[in-house]
$ cat run_21.cif   # mmCIF, C-alpha atoms and all ligand atoms
data_entry
#
loop_
_atom_site.label_atom_id
_atom_site.label_comp_id
_atom_site.auth_asym_id
_atom_site.auth_seq_id
_atom_site.Cartn_x
_atom_site.Cartn_y
_atom_site.Cartn_z
CA MET A 11 20.57 -24.12 3.64
CA THR A 12 17.30 -22.27 3.99
CA TRP A 13 18.98 -18.89 4.29
CA LEU A 14 20.93 -19.61 1.10
CA ILE A 15 17.76 -20.41 -0.83
CA VAL A 16 16.09 -17.26 0.48
CA PHE A 17 19.17 -15.21 -0.39
CA VAL A 18 19.41 -16.54 -3.95
CA TRP A 19 15.65 -16.15 -4.41
CA SER A 20 15.78 -12.57 -3.18
CA ARG A 21 18.79 -11.71 -5.37
CA SER A 22 17.12 -13.19 -8.46
CA LEU A 23 14.06 -10.97 -7.90
CA ILE A 24 16.30 -7.92 -7.56
CA PHE A 25 18.51 -8.71 -10.56
CA THR A 26 15.59 -9.34 -12.92
CA SER A 27 13.86 -6.05 -12.13
CA GLU A 28 14.78 -2.38 -12.50
CA PRO A 29 15.44 -0.09 -9.55
CA LEU A 30 13.18 2.88 -8.98
CA GLU A 31 14.30 6.11 -10.63
CA MET A 32 15.46 8.84 -8.27
CA HIS A 33 12.57 11.27 -8.82
CA LYS A 34 10.17 8.42 -8.08
CA ARG A 35 12.07 7.63 -4.91
CA TRP A 36 11.39 11.17 -3.79
CA GLN A 37 7.67 10.72 -4.41
CA VAL A 38 7.76 7.56 -2.30
CA ASN A 39 9.64 9.47 0.35
CA ASP A 40 7.03 12.27 0.43
CA ALA A 41 4.15 9.80 0.69
CA THR A 42 5.95 7.87 3.44
CA GLY A 43 6.37 11.17 5.29
CA LEU A 44 2.58 11.56 5.40
CA LEU A 45 2.28 8.11 6.97
CA GLU A 46 4.93 9.01 9.49
CA HIS A 47 3.10 12.22 10.36
CA ALA A 48 -0.07 10.16 10.93
CA GLY A 49 1.76 7.87 13.38
CA PHE A 50 2.10 4.65 11.34
CA SER A 51 5.47 3.97 12.91
CA ARG A 52 5.82 0.24 12.25
CA GLU A 53 4.70 0.48 8.63
CA VAL A 54 6.94 3.51 8.07
CA PHE A 55 9.93 1.70 9.57
CA VAL A 56 9.70 -1.17 7.09
CA LEU A 57 8.78 1.09 4.16
CA ARG A 58 11.72 3.35 4.87
CA HIS A 59 14.48 1.06 6.14
CA LEU A 60 13.78 -2.53 5.10
CA THR A 61 12.10 -2.23 1.71
CA ASN A 62 13.80 -2.63 -1.65
CA TYR A 63 11.76 -0.63 -4.19
CA ARG A 64 11.61 -1.75 -7.81
CA GLY A 65 10.25 -0.01 -10.87
CA THR A 66 9.55 -3.09 -12.99
CA ASP A 67 8.47 -6.67 -12.35
CA SER A 68 10.94 -9.41 -11.48
CA TRP A 69 10.66 -12.72 -13.34
CA TRP A 70 8.57 -14.02 -10.46
CA ASN A 71 6.11 -11.11 -10.48
CA ALA A 72 5.84 -11.32 -14.26
CA TYR A 73 5.08 -15.01 -13.91
CA GLN A 74 2.38 -14.34 -11.33
CA ALA A 75 -0.63 -12.10 -11.82
CA HIS A 76 -0.37 -8.53 -10.55
CA GLU A 77 -2.13 -7.73 -7.35
CA ASN A 78 -3.31 -4.43 -8.83
CA ALA A 79 -2.20 -1.64 -11.16
CA TYR A 80 -0.34 0.26 -8.46
CA ALA A 81 1.99 -1.95 -6.48
CA SER A 82 2.85 -5.43 -5.32
CA THR A 83 4.83 -6.74 -2.37
CA ASN A 84 6.99 -9.83 -2.03
CA PHE A 85 6.81 -10.88 1.62
CA PRO A 86 9.01 -11.74 3.51
CA LEU A 87 11.69 -10.53 1.08
CA GLU A 88 10.44 -6.95 1.60
CA ILE A 89 10.47 -6.04 -2.08
CA VAL A 90 7.85 -3.54 -3.27
CA THR A 91 7.32 -3.07 -7.00
CA LEU A 92 5.69 0.22 -7.94
CA TYR A 93 3.98 0.26 -11.35
CA PRO A 94 3.42 3.34 -13.54
CA GLY A 95 -0.13 3.59 -12.17
CA PHE A 96 1.29 4.32 -8.72
CA PHE A 97 2.83 7.53 -10.07
CA GLU A 98 0.16 8.47 -12.63
CA ASP A 99 -3.25 7.70 -11.11
CA PRO A 100 -3.13 9.26 -7.61
CA VAL A 101 -4.16 12.91 -7.49
CA ASP A 102 -1.63 13.67 -4.73
CA ASP A 103 0.80 12.30 -2.13
CA THR A 104 -2.08 11.35 0.17
CA GLU A 105 -3.35 8.79 -2.34
CA ARG A 106 0.16 7.44 -2.85
CA ALA A 107 0.45 7.19 0.94
CA ALA A 108 -2.77 5.14 1.04
CA ILE A 109 -1.33 2.69 -1.51
CA LEU A 110 1.95 2.47 0.41
CA LEU A 111 0.04 1.87 3.65
CA HIS A 112 -1.61 -1.16 2.04
CA GLU A 113 1.79 -2.47 0.94
CA GLY A 114 3.18 -1.66 4.39
CA HIS A 115 0.64 -4.05 5.89
CA HIS A 116 1.85 -6.79 3.51
CA LEU A 117 5.45 -6.01 4.48
CA LEU A 118 4.42 -6.77 8.07
CA GLY A 119 3.06 -10.12 6.93
CA ARG A 120 -0.62 -9.25 6.78
CA ASN A 121 -2.77 -10.95 4.16
CA GLU A 122 -4.88 -9.25 1.49
CA ALA A 123 -8.16 -9.08 3.45
CA ASP A 124 -6.35 -7.72 6.50
CA ALA A 125 -4.41 -5.15 4.45
CA LEU A 126 -7.58 -3.99 2.71
CA GLU A 127 -9.57 -3.76 5.95
CA ARG A 128 -6.88 -1.94 7.91
CA THR A 129 -6.20 0.56 5.15
CA TRP A 130 -9.92 1.29 4.74
CA LEU A 131 -10.39 1.77 8.49
CA GLU A 132 -7.24 3.85 8.86
CA LYS A 133 -7.52 6.01 5.75
CA ALA A 134 -8.96 9.01 7.62
CA ARG A 135 -5.73 9.29 9.62
CA ILE A 136 -4.00 10.59 6.51
CA GLY A 137 -7.08 12.58 5.46
CA TRP A 138 -8.02 10.16 2.69
CA THR A 139 -11.77 10.43 3.19
CA ARG A 140 -14.79 10.01 0.96
CA ASP A 141 -15.81 13.66 1.18
CA ARG A 142 -12.43 14.78 -0.12
CA TYR A 143 -11.41 11.93 -2.44
CA GLY A 144 -14.66 10.06 -3.15
CA GLU A 145 -14.52 10.80 -6.88
CA THR A 146 -10.90 9.85 -7.58
CA LYS A 147 -9.82 6.84 -9.60
CA VAL A 148 -7.72 5.41 -6.78
CA PHE A 149 -10.48 5.84 -4.18
CA ASP A 150 -13.05 4.20 -6.48
CA ALA A 151 -10.74 1.30 -7.29
CA THR A 152 -9.83 0.80 -3.62
CA GLU A 153 -13.46 0.96 -2.55
CA GLU A 154 -14.42 -1.70 -5.10
CA THR A 155 -11.55 -3.98 -4.04
CA THR A 156 -12.38 -3.46 -0.36
CA PHE A 157 -16.07 -4.10 -1.05
CA ASN A 158 -15.22 -7.43 -2.64
CA GLY A 159 -12.33 -8.42 -0.37
CA THR A 160 -13.66 -7.61 3.12
CA THR A 161 -16.88 -7.72 5.12
CA LEU A 162 -16.77 -3.99 5.87
CA PHE A 163 -19.65 -3.23 3.49
CA GLN A 164 -21.97 -5.98 4.66
CA CYS A 165 -24.29 -4.05 6.95
CA LYS A 166 -27.99 -4.71 6.70
CA GLU A 167 -29.34 -1.28 5.92
CA ASN A 168 -27.13 -0.39 3.01
CA HIS A 169 -25.10 -2.67 0.81
CA HIS A 170 -23.55 0.07 -1.27
CA TRP A 171 -21.89 2.06 1.48
CA ASP A 172 -19.36 0.91 4.02
CA CYS A 173 -20.50 0.37 7.60
CA VAL A 174 -17.59 2.31 9.04
CA PRO A 175 -18.66 5.34 11.08
CA PRO A 176 -17.25 8.51 9.52
CA VAL A 177 -14.12 9.78 11.21
CA VAL A 178 -13.58 13.51 11.51
CA TYR A 179 -10.18 14.46 10.17
CA HIS A 180 -8.19 17.02 12.14
CA PRO A 181 -5.17 18.18 10.15
CA GLY A 182 -1.97 17.99 12.13
CA GLU A 183 -3.37 15.72 14.79
CA THR A 184 -1.12 12.79 15.59
CA LEU A 185 -3.00 9.62 16.40
CA LYS A 186 -1.60 6.68 18.29
CA HIS A 187 -1.31 3.48 16.31
ZN ZN B 1 -2.61 -6.25 -1.25
#

$ encode --input "run_21.cif" --output "structure tokens" --more "lines below"
Ligand SMILES: [Zn+2]
Amino acid sequence: MTWLIVFVWSRSLIFTSEPLEMHKRWQVNDATGLLEHAGFSREVFVLRHLTNYRGTDSWWNAYQAHENAYASTNFPLEIVTLYPGFFEDPVDDTERAAILLHEGHHLLGRNEADALERTWLEKARIGWTRDRYGETKVFDATEETTFNGTTLFQCKENHHWDCVPPVVYHPGETLKH
């Protein structure tokens, strides 16, 4: 009985939303490729093989509040809805990869605080660092959400800067996850 409920629930979310247009699928594919290159194998596996991407909200998402302007994930149904902001606000594929990494954590069942913390700690692996992206809209928005949603910024000396030691980015280097 449970599987039937889950199946019907899942189908209803798919049928009441629009699929992602093909050129947007390619953008997702490019961003996922950056995550793969950085060694996020588990996240990439679910993003690439198990996720059903949607371009508009299902009835359930419309009924609930959006997580943010970029994307939202229905776990464990593995449905990711990508909003116009996901395609318009990032300055490049690296920023789209950072958003997908956050959703990838949700796809693996991680909660909001965990997804925020992991993405903030791991962002240098895809080269998404403050010195290169500190002024972008997506970086600013993510920093604010991470500031409010995690304890990463709560070090004694400075409350307006995260306490994460800077990581030197080496292009092409593959890090173990
Ligand atoms: Zn989230």

$ atom_distance --input "run_21.cif" --atom1 "CA of Thr139 (chain A)" --atom2 "CA of Thr91 (chain A)"
25.5 Å

$ atom_distance --input "run_21.cif" --atom1 "CA of Pro86 (chain A)" --atom2 "CA of Leu117 (chain A)"
6.8 Å

$ closest_residue --input "run_21.cif" --among "A:Glu98, A:Glu46, A:Glu105, A:Glu53" --to "Phe149 (chain A)" --atoms "all atoms listed in the file"
A:Glu105

$ closest_residue --input "run_21.cif" --among "A:Gly137, A:Gly43, A:Pro29, A:Gly159" --to "ligand ZN 1 (chain B)" --atoms "only C-alpha atoms and all ligand atoms"
A:Gly159

$ closest_atom_pairs --input "run_21.cif" --of "chain A" --to "ligand ZN 1 (chain B)" --cutoff "12 Å" --atoms "all atoms listed in the file" --output "tab-separated table"
residue	atom	partner	partner_atom	distance
A:His76	CA	B:ZN1	ZN	9.8
A:Glu77	CA	B:ZN1	ZN	6.3
A:Asn78	CA	B:ZN1	ZN	7.8
A:Ala79	CA	B:ZN1	ZN	10.9
A:Tyr80	CA	B:ZN1	ZN	10.0
A:Ala81	CA	B:ZN1	ZN	8.2
A:Ser82	CA	B:ZN1	ZN	6.9
A:Thr83	CA	B:ZN1	ZN	7.5
A:Asn84	CA	B:ZN1	ZN	10.3
A:Phe85	CA	B:ZN1	ZN	10.9
A:Val90	CA	B:ZN1	ZN	11.0
A:Thr91	CA	B:ZN1	ZN	11.9
A:Ala108	CA	B:ZN1	ZN	11.6
A:Ile109	CA	B:ZN1	ZN	9.0
A:Leu110	CA	B:ZN1	ZN	10.0
A:Leu111	CA	B:ZN1	ZN	9.8
A:His112	CA	B:ZN1	ZN	6.1
A:Glu113	CA	B:ZN1	ZN	6.2
A:Gly114	CA	B:ZN1	ZN	9.3
A:His115	CA	B:ZN1	ZN	8.1
A:His116	CA	B:ZN1	ZN	6.5
A:Leu117	CA	B:ZN1	ZN	9.9
A:Leu118	CA	B:ZN1	ZN	11.7
A:Gly119	CA	B:ZN1	ZN	10.7
A:Arg120	CA	B:ZN1	ZN	8.8
A:Asn121	CA	B:ZN1	ZN	7.2
A:Glu122	CA	B:ZN1	ZN	4.7
A:Ala123	CA	B:ZN1	ZN	7.8
A:Asp124	CA	B:ZN1	ZN	8.7
A:Ala125	CA	B:ZN1	ZN	6.1
A:Leu126	CA	B:ZN1	ZN	6.7
A:Glu127	CA	B:ZN1	ZN	10.3
A:Arg128	CA	B:ZN1	ZN	11.0
A:Thr129	CA	B:ZN1	ZN	10.0
A:Thr152	CA	B:ZN1	ZN	10.4
A:Thr155	CA	B:ZN1	ZN	9.6
A:Thr156	CA	B:ZN1	ZN	10.2
A:Gly159	CA	B:ZN1	ZN	10.0
A:Thr160	CA	B:ZN1	ZN	12.0

$ closest_residue --input "run_21.cif" --among "A:Asp40, A:Glu153, A:Glu28, A:Asp67" --to "Val54 (chain A)" --atoms "only C-alpha atoms"
A:Asp40

$ atom_distance --input "run_21.cif" --atom1 "CA of Leu131 (chain A)" --atom2 "CA of Ala107 (chain A)"
14.3 Å

$ residues_near_point --input "run_21.cif" --point "(9.2, -10.3, -10.1)" --cutoff "9 Å" --atoms "only C-alpha atoms" --output "JSON, numbers by chain"
{"A": [22, 23, 24, 26, 27, 66, 67, 68, 69, 70, 71, 72, 73, 74, 84, 91]}

$ closest_residue --input "run_21.cif" --among "A:Val174, A:Ala134, A:Ile15, A:Leu30" --to "Pro94 (chain A)" --atoms "all atoms listed in the file"
A:Leu30

$ closest_residue --input "run_21.cif" --among "A:Asn158, A:Gln37, A:Ser20, A:Thr12" --to "Phe97 (chain A)" --atoms "all atoms listed in the file"
A:Gln37

$ closest_residue --input "run_21.cif" --among "A:Val148, A:His47, A:Arg142, A:Trp130" --to "Gly95 (chain A)" --atoms "all atoms listed in the file"
A:Val148

$ axis_aligned_box --input "run_21.cif" --around "region 114-130 of chain A" --padding-each-side "3 Å" --output "JSON"
{"center_x": -2.2, "center_y": -4.8, "center_z": 4.8, "size_x": 21.4, "size_y": 18.2, "size_z": 12.6}

$ decode --input "run_21.cif" --residues "region 107-122 of chain A" --atoms "N, CA and C atoms" --output "PDB file, in the first residue's frame"
ATOM      1  N   ALA A 107      26.488  25.041 -10.586  1.00  0.00           N
ATOM      2  CA  ALA A 107      26.965  23.811  -9.942  1.00  0.00           C
ATOM      3  C   ALA A 107      26.821  23.916  -8.419  1.00  0.00           C
ATOM      4  N   ALA A 108      27.099  25.086  -7.873  1.00  0.00           N
ATOM      5  CA  ALA A 108      26.981  25.269  -6.418  1.00  0.00           C
ATOM      6  C   ALA A 108      25.529  25.082  -5.971  1.00  0.00           C
ATOM      7  N   ILE A 109      24.587  25.608  -6.765  1.00  0.00           N
ATOM      8  CA  ILE A 109      23.167  25.442  -6.427  1.00  0.00           C
ATOM      9  C   ILE A 109      22.776  23.969  -6.537  1.00  0.00           C
ATOM     10  N   LEU A 110      23.242  23.301  -7.586  1.00  0.00           N
ATOM     11  CA  LEU A 110      22.922  21.879  -7.766  1.00  0.00           C
ATOM     12  C   LEU A 110      23.542  21.023  -6.659  1.00  0.00           C
ATOM     13  N   LEU A 111      24.723  21.426  -6.183  1.00  0.00           N
ATOM     14  CA  LEU A 111      25.368  20.687  -5.092  1.00  0.00           C
ATOM     15  C   LEU A 111      24.485  20.722  -3.843  1.00  0.00           C
ATOM     16  N   HIS A 112      23.937  21.912  -3.555  1.00  0.00           N
ATOM     17  CA  HIS A 112      23.016  22.051  -2.420  1.00  0.00           C
ATOM     18  C   HIS A 112      21.817  21.115  -2.593  1.00  0.00           C
ATOM     19  N   GLU A 113      21.233  21.116  -3.776  1.00  0.00           N
ATOM     20  CA  GLU A 113      20.081  20.232  -4.026  1.00  0.00           C
ATOM     21  C   GLU A 113      20.514  18.766  -3.983  1.00  0.00           C
ATOM     22  N   GLY A 114      21.723  18.487  -4.443  1.00  0.00           N
ATOM     23  CA  GLY A 114      22.251  17.123  -4.393  1.00  0.00           C
ATOM     24  C   GLY A 114      22.307  16.594  -2.961  1.00  0.00           C
ATOM     25  N   HIS A 115      22.656  17.474  -2.031  1.00  0.00           N
ATOM     26  CA  HIS A 115      22.663  17.061  -0.621  1.00  0.00           C
ATOM     27  C   HIS A 115      21.250  16.710  -0.151  1.00  0.00           C
ATOM     28  N   HIS A 116      20.252  17.506  -0.577  1.00  0.00           N
ATOM     29  CA  HIS A 116      18.865  17.182  -0.226  1.00  0.00           C
ATOM     30  C   HIS A 116      18.443  15.850  -0.850  1.00  0.00           C
ATOM     31  N   LEU A 117      18.889  15.614  -2.082  1.00  0.00           N
ATOM     32  CA  LEU A 117      18.540  14.360  -2.768  1.00  0.00           C
ATOM     33  C   LEU A 117      19.080  13.153  -2.014  1.00  0.00           C
ATOM     34  N   LEU A 118      20.170  13.376  -1.260  1.00  0.00           N
ATOM     35  CA  LEU A 118      20.743  12.298  -0.444  1.00  0.00           C
ATOM     36  C   LEU A 118      20.131  12.284   0.959  1.00  0.00           C
ATOM     37  N   GLY A 119      19.092  13.093   1.160  1.00  0.00           N
ATOM     38  CA  GLY A 119      18.365  13.060   2.420  1.00  0.00           C
ATOM     39  C   GLY A 119      18.877  14.007   3.488  1.00  0.00           C
ATOM     40  N   ARG A 120      19.777  14.894   3.116  1.00  0.00           N
ATOM     41  CA  ARG A 120      20.331  15.810   4.117  1.00  0.00           C
ATOM     42  C   ARG A 120      19.399  17.013   4.312  1.00  0.00           C
ATOM     43  N   ASN A 121      19.319  17.479   5.553  1.00  0.00           N
ATOM     44  CA  ASN A 121      18.409  18.590   5.853  1.00  0.00           C
ATOM     45  C   ASN A 121      19.014  19.928   5.437  1.00  0.00           C
ATOM     46  N   GLU A 122      18.267  21.006   5.660  1.00  0.00           N
ATOM     47  CA  GLU A 122      18.678  22.318   5.166  1.00  0.00           C
ATOM     48  C   GLU A 122      20.009  22.775   5.778  1.00  0.00           C
TER      49      GLU A 122
END
